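Undergrad: Enclosed is the structure file model00.pdb (PDB, C-alpha atoms, pLDDT in the B column).
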```pdb
MODEL        1
ATOM      1  CA  MET A 264     236.682 112.414 304.226  1.00 82.00           C
ATOM      2  CA  ALA A 265     236.807 115.602 306.279  1.00 88.00           C
ATOM      3  CA  ARG A 266     235.276 117.584 303.412  1.00 87.00           C
ATOM      4  CA  ALA A 267     232.370 115.135 303.130  1.00 88.00           C
ATOM      5  CA  ALA A 268     231.867 114.908 306.899  1.00 90.00           C
ATOM      6  CA  ASN A 269     231.808 118.701 307.119  1.00 90.00           C
ATOM      7  CA  ASP A 270     229.094 119.005 304.453  1.00 93.00           C
ATOM      8  CA  ASP A 271     225.936 120.445 306.020  1.00 93.00           C
ATOM      9  CA  ARG A 272     223.916 117.650 304.377  1.00 94.00           C
ATOM     10  CA  ILE A 273     225.803 115.339 306.779  1.00 94.00           C
ATOM     11  CA  LEU A 274     226.298 117.641 309.770  1.00 93.00           C
ATOM     12  CA  ARG A 275     222.631 118.498 310.217  1.00 93.00           C
ATOM     13  CA  TRP A 276     221.712 114.838 310.826  1.00 95.00           C
ATOM     14  CA  MET A 277     224.563 113.812 313.131  1.00 94.00           C
ATOM     15  CA  SER A 278     224.320 113.888 316.918  1.00 92.00           C
ATOM     16  CA  ASP A 279     225.955 116.763 318.742  1.00 90.00           C
ATOM     17  CA  THR A 280     228.843 114.470 319.683  1.00 87.00           C
ATOM     18  CA  TRP A 281     229.949 114.687 316.017  1.00 90.00           C
ATOM     19  CA  PRO A 282     232.644 117.379 315.689  1.00 91.00           C
ATOM     20  CA  GLU A 283     231.439 120.546 314.007  1.00 91.00           C
ATOM     21  CA  PRO A 284     233.363 121.630 312.105  1.00 91.00           C
ATOM     22  CA  TYR A 285     234.755 118.198 311.252  1.00 92.00           C
ATOM     23  CA  THR A 286     238.461 118.812 310.692  1.00 93.00           C
ATOM     24  CA  VAL A 287     241.174 116.913 308.857  1.00 92.00           C
ATOM     25  CA  ALA A 288     242.579 116.048 312.306  1.00 94.00           C
ATOM     26  CA  ASP A 289     239.169 114.565 313.306  1.00 91.00           C
ATOM     27  CA  ALA A 290     239.145 112.444 310.155  1.00 86.00           C
ATOM     28  CA  ALA A 291     242.729 111.295 310.647  1.00 87.00           C
ATOM     29  CA  TRP A 292     242.031 110.331 314.256  1.00 87.00           C
ATOM     30  CA  TRP A 293     238.921 108.381 313.283  1.00 83.00           C
ATOM     31  CA  VAL A 294     240.590 106.511 310.403  1.00 78.00           C
ATOM     32  CA  ASN A 295     243.803 105.765 312.339  1.00 83.00           C
ATOM     33  CA  GLU A 296     242.429 105.181 315.843  1.00 83.00           C
ATOM     34  CA  GLY A 297     238.702 105.607 316.404  1.00 78.00           C
ATOM     35  CA  SER A 298     237.617 103.104 313.779  1.00 76.00           C
ATOM     36  CA  LEU A 299     240.005 100.500 315.185  1.00 76.00           C
ATOM     37  CA  ALA A 300     237.968 100.117 318.379  1.00 73.00           C
ATOM     38  CA  GLY A 301     235.789  97.531 316.642  1.00 71.00           C
ATOM     39  CA  SER A 302     232.452  99.343 316.847  1.00 87.00           C
ATOM     40  CA  THR A 303     232.802 101.676 313.858  1.00 88.00           C
ATOM     41  CA  TRP A 304     233.948 101.018 310.325  1.00 86.00           C
ATOM     42  CA  ALA A 305     234.876 103.256 307.427  1.00 85.00           C
ATOM     43  CA  LEU A 306     232.935 102.937 304.191  1.00 89.00           C
ATOM     44  CA  CYS A 307     235.649 103.037 301.553  1.00 87.00           C
ATOM     45  CA  LEU A 308     235.585 103.281 297.788  1.00 88.00           C
ATOM     46  CA  LYS A 309     238.907 102.445 296.160  1.00 89.00           C
ATOM     47  CA  ASP A 310     240.502 102.497 299.629  1.00 87.00           C
ATOM     48  CA  VAL A 311     239.360 106.077 300.282  1.00 86.00           C
ATOM     49  CA  PRO A 312     237.036 106.586 303.280  1.00 84.00           C
ATOM     50  CA  GLN A 313     233.721 108.079 302.137  1.00 90.00           C
ATOM     51  CA  GLY A 314     231.596 107.523 305.234  1.00 91.00           C
ATOM     52  CA  GLY A 315     231.100 105.178 308.123  1.00 90.00           C
ATOM     53  CA  VAL A 316     228.863 102.828 310.050  1.00 93.00           C
ATOM     54  CA  GLY A 317     228.805 102.137 313.748  1.00 93.00           C
ATOM     55  CA  ALA A 318     227.321  99.669 316.205  1.00 95.00           C
ATOM     56  CA  HIS A 319     227.111 100.551 319.865  1.00 94.00           C
ATOM     57  CA  PRO A 320     226.112  97.702 322.181  1.00 96.00           C
ATOM     58  CA  GLN A 321     224.141  98.861 325.188  1.00 96.00           C
ATOM     59  CA  THR A 322     225.129  97.808 328.692  1.00 96.00           C
ATOM     60  CA  GLY A 323     223.589  96.544 331.886  1.00 98.00           C
ATOM     61  CA  PHE A 324     219.975  95.483 331.701  1.00 97.00           C
ATOM     62  CA  GLN A 325     219.781  96.907 328.151  1.00 98.00           C
ATOM     63  CA  ARG A 326     222.644  94.750 326.876  1.00 97.00           C
ATOM     64  CA  CYS A 327     220.238  92.911 324.551  1.00 97.00           C
ATOM     65  CA  ASN A 328     220.157  96.115 322.409  1.00 98.00           C
ATOM     66  CA  VAL A 329     222.612  97.505 319.875  1.00 98.00           C
ATOM     67  CA  GLU A 330     222.342 101.030 318.476  1.00 97.00           C
ATOM     68  CA  VAL A 331     223.460 101.444 314.860  1.00 97.00           C
ATOM     69  CA  GLY A 332     224.116 104.451 312.659  1.00 96.00           C
ATOM     70  CA  TRP A 333     225.582 105.378 309.290  1.00 96.00           C
ATOM     71  CA  TRP A 334     226.664 108.226 307.058  1.00 95.00           C
ATOM     72  CA  LEU A 335     228.024 108.568 303.539  1.00 96.00           C
ATOM     73  CA  ALA A 336     229.490 111.387 301.459  1.00 94.00           C
ATOM     74  CA  PRO A 337     226.683 112.967 299.404  1.00 94.00           C
ATOM     75  CA  ALA A 338     228.554 112.237 296.153  1.00 94.00           C
ATOM     76  CA  HIS A 339     227.782 108.535 296.698  1.00 95.00           C
ATOM     77  CA  TRP A 340     224.137 108.742 297.765  1.00 94.00           C
ATOM     78  CA  GLY A 341     221.569 106.679 295.915  1.00 93.00           C
ATOM     79  CA  GLN A 342     223.951 103.873 294.935  1.00 93.00           C
ATOM     80  CA  GLY A 343     222.771 101.342 297.542  1.00 94.00           C
ATOM     81  CA  LEU A 344     226.013 101.483 299.530  1.00 94.00           C
ATOM     82  CA  VAL A 345     224.543 102.444 302.897  1.00 96.00           C
ATOM     83  CA  PRO A 346     221.796  99.780 302.921  1.00 97.00           C
ATOM     84  CA  LEU A 347     224.426  97.172 302.048  1.00 96.00           C
ATOM     85  CA  ALA A 348     226.724  98.320 304.859  1.00 95.00           C
ATOM     86  CA  ALA A 349     223.874  98.793 307.357  1.00 97.00           C
ATOM     87  CA  ARG A 350     222.520  95.303 306.637  1.00 97.00           C
ATOM     88  CA  TRP A 351     225.994  93.870 307.322  1.00 95.00           C
ATOM     89  CA  LEU A 352     226.182  95.908 310.532  1.00 95.00           C
ATOM     90  CA  VAL A 353     222.867  94.478 311.771  1.00 96.00           C
ATOM     91  CA  GLU A 354     223.956  90.942 310.867  1.00 96.00           C
ATOM     92  CA  GLN A 355     227.165  91.437 312.870  1.00 94.00           C
ATOM     93  CA  ALA A 356     225.212  92.745 315.869  1.00 96.00           C
ATOM     94  CA  LEU A 357     222.910  89.729 315.786  1.00 96.00           C
ATOM     95  CA  LEU A 358     225.846  87.310 315.892  1.00 95.00           C
ATOM     96  CA  ASN A 359     225.778  87.889 319.638  1.00 95.00           C
ATOM     97  CA  PRO A 360     223.037  85.512 320.839  1.00 96.00           C
ATOM     98  CA  GLU A 361     222.171  87.875 323.681  1.00 96.00           C
ATOM     99  CA  VAL A 362     221.199  90.658 321.259  1.00 97.00           C
ATOM    100  CA  THR A 363     217.461  90.664 320.561  1.00 97.00           C
ATOM    101  CA  ARG A 364     216.986  94.202 319.223  1.00 98.00           C
ATOM    102  CA  VAL A 365     218.948  96.497 316.924  1.00 98.00           C
ATOM    103  CA  PHE A 366     217.794 100.106 316.776  1.00 98.00           C
ATOM    104  CA  ALA A 367     218.572 103.347 314.956  1.00 98.00           C
ATOM    105  CA  PRO A 368     217.514 106.722 316.386  1.00 98.00           C
ATOM    106  CA  ILE A 369     217.101 109.059 313.411  1.00 98.00           C
ATOM    107  CA  HIS A 370     216.498 112.809 313.598  1.00 98.00           C
ATOM    108  CA  ALA A 371     213.001 113.749 312.462  1.00 97.00           C
ATOM    109  CA  GLY A 372     213.154 114.900 308.846  1.00 97.00           C
ATOM    110  CA  ASN A 373     216.051 112.638 307.851  1.00 97.00           C
ATOM    111  CA  ILE A 374     213.962 110.779 305.285  1.00 96.00           C
ATOM    112  CA  PRO A 375     216.904 109.086 303.489  1.00 96.00           C
ATOM    113  CA  SER A 376     218.132 107.447 306.726  1.00 97.00           C
ATOM    114  CA  GLY A 377     214.583 106.334 307.508  1.00 98.00           C
ATOM    115  CA  ARG A 378     214.466 104.689 304.069  1.00 97.00           C
ATOM    116  CA  VAL A 379     217.764 102.921 304.770  1.00 97.00           C
ATOM    117  CA  ALA A 380     216.356 101.603 308.052  1.00 98.00           C
ATOM    118  CA  GLU A 381     213.252 100.305 306.258  1.00 98.00           C
ATOM    119  CA  LYS A 382     215.303  98.736 303.434  1.00 97.00           C
ATOM    120  CA  ILE A 383     217.236  96.654 305.962  1.00 97.00           C
ATOM    121  CA  GLY A 384     214.093  95.423 307.702  1.00 97.00           C
ATOM    122  CA  MET A 385     213.706  97.960 310.481  1.00 98.00           C
ATOM    123  CA  ARG A 386     210.311  99.392 311.293  1.00 98.00           C
ATOM    124  CA  LEU A 387     209.374 102.680 312.869  1.00 98.00           C
ATOM    125  CA  GLU A 388     209.007 101.745 316.512  1.00 98.00           C
ATOM    126  CA  SER A 389     208.203 105.177 317.930  1.00 98.00           C
ATOM    127  CA  VAL A 390     208.513 108.899 317.540  1.00 98.00           C
ATOM    128  CA  GLN A 391     210.333 110.418 320.469  1.00 98.00           C
ATOM    129  CA  PRO A 392     209.179 114.027 320.784  1.00 98.00           C
ATOM    130  CA  ARG A 393     211.754 116.536 322.007  1.00 98.00           C
ATOM    131  CA  SER A 394     214.241 113.764 322.788  1.00 97.00           C
ATOM    132  CA  ALA A 395     217.545 115.254 321.591  1.00 97.00           C
ATOM    133  CA  ILE A 396     219.333 118.552 321.147  1.00 96.00           C
ATOM    134  CA  LYS A 397     220.887 119.464 317.814  1.00 95.00           C
ATOM    135  CA  ARG A 398     222.723 122.749 317.354  1.00 93.00           C
ATOM    136  CA  GLY A 399     221.026 124.157 320.448  1.00 94.00           C
ATOM    137  CA  THR A 400     217.515 123.206 319.337  1.00 96.00           C
ATOM    138  CA  VAL A 401     215.409 120.457 320.894  1.00 98.00           C
ATOM    139  CA  ILE A 402     214.340 118.010 318.175  1.00 98.00           C
ATOM    140  CA  ASP A 403     212.235 114.888 317.723  1.00 98.00           C
ATOM    141  CA  ARG A 404     213.755 111.548 316.799  1.00 98.00           C
ATOM    142  CA  HIS A 405     212.264 108.583 314.992  1.00 98.00           C
ATOM    143  CA  LEU A 406     213.277 105.282 316.520  1.00 98.00           C
ATOM    144  CA  TYR A 407     213.585 102.418 314.053  1.00 98.00           C
ATOM    145  CA  ALA A 408     214.180  98.876 315.288  1.00 98.00           C
ATOM    146  CA  LEU A 409     214.577  95.312 314.130  1.00 97.00           C
ATOM    147  CA  TYR A 410     214.108  92.280 316.368  1.00 97.00           C
ATOM    148  CA  ARG A 411     215.647  88.842 316.421  1.00 93.00           C
ATOM    149  CA  ASP A 412     213.155  86.203 315.414  1.00 83.00           C
ATOM    150  CA  PRO A 413     212.082  84.162 318.435  1.00 77.00           C
ATOM    151  CA  PRO A 414     213.617  80.668 318.636  1.00 69.00           C
TER     152      PRO A 414
ENDMDL
END
```
Translate this structure into structure tokens?
TA:
Amino acid sequence: MARAANDDRILRWMSDTWPEPYTVADAAWWVNEGSLAGSTWALCLKDVPQGGVGAHPQTGFQRCNVEVGWWLAPAHWGQGLVPLAARWLVEQALLNPEVTRVFAPIHAGNIPSGRVAEKIGMRLESVQPRSAIKRGTVIDRHLYALYRDPP
């Protein structure tokens, strides 16, 4: 898992909170502790972690929103695994009746993640110019969102 998470094809799209380099100790902590918090899950193939998904409920007056994200080892790209996991993640978020919007902020240029968002029913809600910093550079993000159907 650490080798995959340290691949630049992964690192360049993760937020700056993602460890870089991503060490074996980071992976062990996440598998043994971090993923047990209930908001992130490992994507495993044959019981070996190959990536992850996460849902982060917002708080206060924005508590009707849940941010989601995903990543997968490049060796497993193009097999439909991330859309399957991301769809499940959105379904879980919407089990809370207070949640009306699930969103995914995606770094500009990350076309595969944008495709995943679209495959699971999200639509490009906005482009947020100069809204994040990645590796010391200010970047744009594309905000994808999906809304609960009105009652």
Undergrad: With distances taken over all atoms listed in the file, which residue among A:Ala338, A:Met385, A:Val345, A:Ala371 lies nearest A:Ala408?
TA: A:Met385
Undergrad: Set the distance at 10 Å and use all atoms listed in the file: which residues neighbour A:His405 once local chain neighbours fewer than 4 positions away are removed? I'd like the list as a ChimeraX atom specification.
TA: /A:367-373,377,387-392,394
Undergrad: Please expand the PyMOL selection byres ((chain A and resi 287-303) around 8) into the concrete residues it hits in this file, giving the result as a list in words.
TA: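 Selection result, ordered by chain and number: Met264, Ala265, Pro282, Tyr285, Thr286, Trp304, Ala305, Pro312, Gly315, Val316, Gly317, Ala318 and His319 of chain A.
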Undergrad: Between A:Arg386, A:Arg411, A:Asp279, A:Cys307, which has the minimum distance to A:Leu358 (counting all atoms listed in the file)?
TA: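 Among A:Arg386, A:Arg411, A:Asp279, A:Cys307, it is A:Arg411 that comes nearest to A:Leu358.
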Undergrad: If I put a ball of radius 10 Å at (215.0, 93.8, 313.6) in the file's coordinates, which residues poke into it when counting only C-alpha atoms, written as a list of chain:residue names?
TA: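 Every polymer residue passing the test: A:Val353, A:Glu354, A:Leu357, A:Thr363, A:Arg364, A:Val365, A:Phe366, A:Ala380, A:Glu381, A:Ile383, A:Gly384, A:Met385, A:Arg386, A:Tyr407, A:Ala408, A:Leu409, A:Tyr410, A:Arg411, A:Asp412.
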Undergrad: Between A:Trp333, A:Phe324, A:Trp281, A:Trp340, which residue has the minimum interatomic distance to A:Leu352, considering only C-alpha atoms?
TA: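 With only C-alpha atoms as the atom set, the closest residue is A:Trp333.
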Undergrad: Just the number, please: distance in Å from atom CA of A:Arg378 to atom CA of A:Pro413, one decimal.
TA: 25.2 Å
Undergrad: Can you turn the PyMOL selection byres ((chain A and resi 339) around 12) into a concrete residue list for this file, as a list in words?
TA: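 Checking the PyMOL selection byres ((chain A and resi 339) around 12) against this file, the residues are Ala267, Leu306, Cys307, Leu308, Pro312, Gln313, Gly314, Trp334, Leu335, Ala336, Pro337, Ala338, Trp340, Gly341, Gln342, Gly343, Leu344 and Val345 of chain A.
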Undergrad: Within 7 Å of (222.7, 94.7, 321.1) in the file's own coordinates, which protein, DNA or RNA residues have an atom, counting only C-alpha atoms? List them as a list of chain:residue names.
TA: A:Pro320, A:Gln321, A:Arg326, A:Cys327, A:Asn328, A:Val329, A:Glu330, A:Ala356, A:Val362, A:Thr363, A:Arg364, A:Val365
Undergrad: Could you work out how far atom CA of A:Pro346 lies from atom CA of A:Val379, giving the answer in Å with one decimal?
TA: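 According to the coordinates, atom CA of A:Val379 and atom CA of A:Pro346 are separated by 5.4 Å.
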Undergrad: I'd like the residues picked by the PyMOL selection byres ((chain A and resi 398) around 10) written out as a PyMOL selection string, using the chain letters and numbers from the file.
TA: chain A and resi 274-275+278-279+283+396-397+399-402
Undergrad: How about saving the chosen residues, C-alpha atoms kept, as an mmCIF file, in the coordinates of the input?
TA:
```
data_model
loop_
_atom_site.group_PDB
_atom_site.id
_atom_site.type_symbol
_atom_site.label_atom_id
_atom_site.label_comp_id
_atom_site.auth_asym_id
_atom_site.auth_seq_id
_atom_site.Cartn_x
_atom_site.Cartn_y
_atom_site.Cartn_z
ATOM 1 C CA LEU A 274 226.298 117.641 309.770
ATOM 2 C CA ARG A 275 222.631 118.498 310.217
ATOM 3 C CA SER A 278 224.320 113.888 316.918
ATOM 4 C CA ASP A 279 225.955 116.763 318.742
ATOM 5 C CA GLU A 283 231.439 120.546 314.007
ATOM 6 C CA ILE A 396 219.333 118.552 321.147
ATOM 7 C CA LYS A 397 220.887 119.464 317.814
ATOM 8 C CA GLY A 399 221.026 124.157 320.448
ATOM 9 C CA THR A 400 217.515 123.206 319.337
ATOM 10 C CA VAL A 401 215.409 120.457 320.894
ATOM 11 C CA ILE A 402 214.340 118.010 318.175
#
```
Undergrad: Rounded to one decimal in Å, what is the spacing between atom CA of A:Thr322 and atom CA of A:Asp403?
TA: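 Result for atom CA of A:Thr322 versus atom CA of A:Asp403: 24.0 Å, one decimal.
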Undergrad: For each of A:Ala395, A:Gln325, A:Arg350, A:Ser376, take the minimum atom-to-atom distance to A:Ile273, counting all atoms listed in the file, then give the residue where this is smallest.
TA: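 Checking each candidate against A:Ile273, we get A:Ser376 as the closest.
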Undergrad: Could you check which of A:Met277, A:Asn359, A:Pro375, A:Lys382 is closest to A:Gly332, using all atoms listed in the file?
TA: A:Met277
Undergrad: Between A:Lys309, A:Ala268, A:Trp276, A:Gln355, single out the one closest to A:Val331, counting only C-alpha atoms.
TA: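 Between A:Lys309, A:Ala268, A:Trp276, A:Gln355, the residue approaching A:Val331 most closely is A:Gln355.
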Undergrad: Taking all atoms of stretch 394-402 of chain A that the file lists and extending 8 Å past them on each side, where is the centre of the axis-aligned box and how long are its edges? Answer in Å to one decimal, as AutoDock Vina command-line options.
TA:
```
--center_x 218.5 --center_y 119.0 --center_z 320.1 --size_x 24.5 --size_y 26.4 --size_z 21.4
```
Undergrad: Missing atoms in stretch 319-350 of chain A: can you complete it with N, CA and C atoms, as a compact mmCIF listing (two decimals), in the frame of the given file?
TA:
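Dumped everything to result01.txt:
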```txt
# COMPACT_ATOMS: atom_id res chain seq x y z
N HIS A 319 226.79 100.23 318.48
CA HIS A 319 227.11 100.55 319.86
C HIS A 319 226.26 99.69 320.79
N PRO A 320 226.84 98.56 321.25
CA PRO A 320 226.11 97.70 322.18
C PRO A 320 225.76 98.46 323.46
N GLN A 321 224.57 98.25 323.94
CA GLN A 321 224.14 98.86 325.19
C GLN A 321 224.64 98.00 326.34
N THR A 322 224.57 98.51 327.54
CA THR A 322 225.13 97.81 328.69
C THR A 322 224.07 97.56 329.75
N GLY A 323 224.47 96.81 330.76
CA GLY A 323 223.59 96.54 331.89
C GLY A 323 222.34 95.81 331.45
N PHE A 324 221.20 96.19 332.01
CA PHE A 324 219.98 95.48 331.70
C PHE A 324 219.52 95.72 330.27
N GLN A 325 220.13 96.67 329.55
CA GLN A 325 219.78 96.91 328.15
C GLN A 325 220.79 96.29 327.19
N ARG A 326 221.60 95.35 327.69
CA ARG A 326 222.64 94.75 326.88
C ARG A 326 222.12 93.89 325.73
N CYS A 327 220.82 93.65 325.67
CA CYS A 327 220.24 92.91 324.55
C CYS A 327 219.96 93.83 323.36
N ASN A 328 220.36 95.10 323.45
CA ASN A 328 220.16 96.12 322.41
C ASN A 328 221.48 96.59 321.84
N VAL A 329 221.47 96.89 320.54
CA VAL A 329 222.61 97.50 319.88
C VAL A 329 222.09 98.68 319.05
N GLU A 330 222.67 99.85 319.28
CA GLU A 330 222.34 101.03 318.48
C GLU A 330 223.24 101.06 317.25
N VAL A 331 222.68 101.35 316.09
CA VAL A 331 223.46 101.44 314.86
C VAL A 331 223.24 102.81 314.20
N GLY A 332 224.22 103.20 313.40
CA GLY A 332 224.12 104.45 312.66
C GLY A 332 225.02 104.40 311.45
N TRP A 333 224.84 105.37 310.54
CA TRP A 333 225.58 105.38 309.29
C TRP A 333 225.62 106.78 308.71
N TRP A 334 226.60 107.00 307.85
CA TRP A 334 226.66 108.23 307.06
C TRP A 334 227.51 107.95 305.83
N LEU A 335 227.29 108.74 304.79
CA LEU A 335 228.02 108.57 303.54
C LEU A 335 228.14 109.92 302.84
N ALA A 336 229.28 110.16 302.22
CA ALA A 336 229.49 111.39 301.46
C ALA A 336 228.37 111.55 300.43
N PRO A 337 227.80 112.75 300.33
CA PRO A 337 226.68 112.97 299.40
C PRO A 337 226.96 112.56 297.96
N ALA A 338 228.22 112.62 297.53
CA ALA A 338 228.55 112.24 296.15
C ALA A 338 228.21 110.78 295.85
N HIS A 339 228.03 109.97 296.89
CA HIS A 339 227.78 108.54 296.70
C HIS A 339 226.38 108.10 297.11
N TRP A 340 225.51 109.07 297.40
CA TRP A 340 224.14 108.74 297.76
C TRP A 340 223.41 108.10 296.59
N GLY A 341 222.44 107.27 296.92
CA GLY A 341 221.57 106.68 295.92
C GLY A 341 222.16 105.50 295.16
N GLN A 342 223.30 104.99 295.62
CA GLN A 342 223.95 103.87 294.94
C GLN A 342 223.78 102.55 295.68
N GLY A 343 223.01 102.56 296.78
CA GLY A 343 222.77 101.34 297.54
C GLY A 343 223.89 100.95 298.49
N LEU A 344 224.87 101.82 298.68
CA LEU A 344 226.01 101.48 299.53
C LEU A 344 225.65 101.43 301.01
N VAL A 345 224.88 102.40 301.47
CA VAL A 345 224.54 102.44 302.90
C VAL A 345 223.63 101.28 303.28
N PRO A 346 222.58 100.96 302.53
CA PRO A 346 221.80 99.78 302.92
C PRO A 346 222.64 98.50 302.98
N LEU A 347 223.55 98.35 302.05
CA LEU A 347 224.43 97.17 302.05
C LEU A 347 225.27 97.13 303.32
N ALA A 348 225.89 98.26 303.66
CA ALA A 348 226.72 98.32 304.86
C ALA A 348 225.89 98.20 306.13
N ALA A 349 224.73 98.84 306.17
CA ALA A 349 223.87 98.79 307.36
C ALA A 349 223.33 97.38 307.58
N ARG A 350 222.99 96.69 306.51
CA ARG A 350 222.52 95.30 306.64
C ARG A 350 223.62 94.43 307.24
```
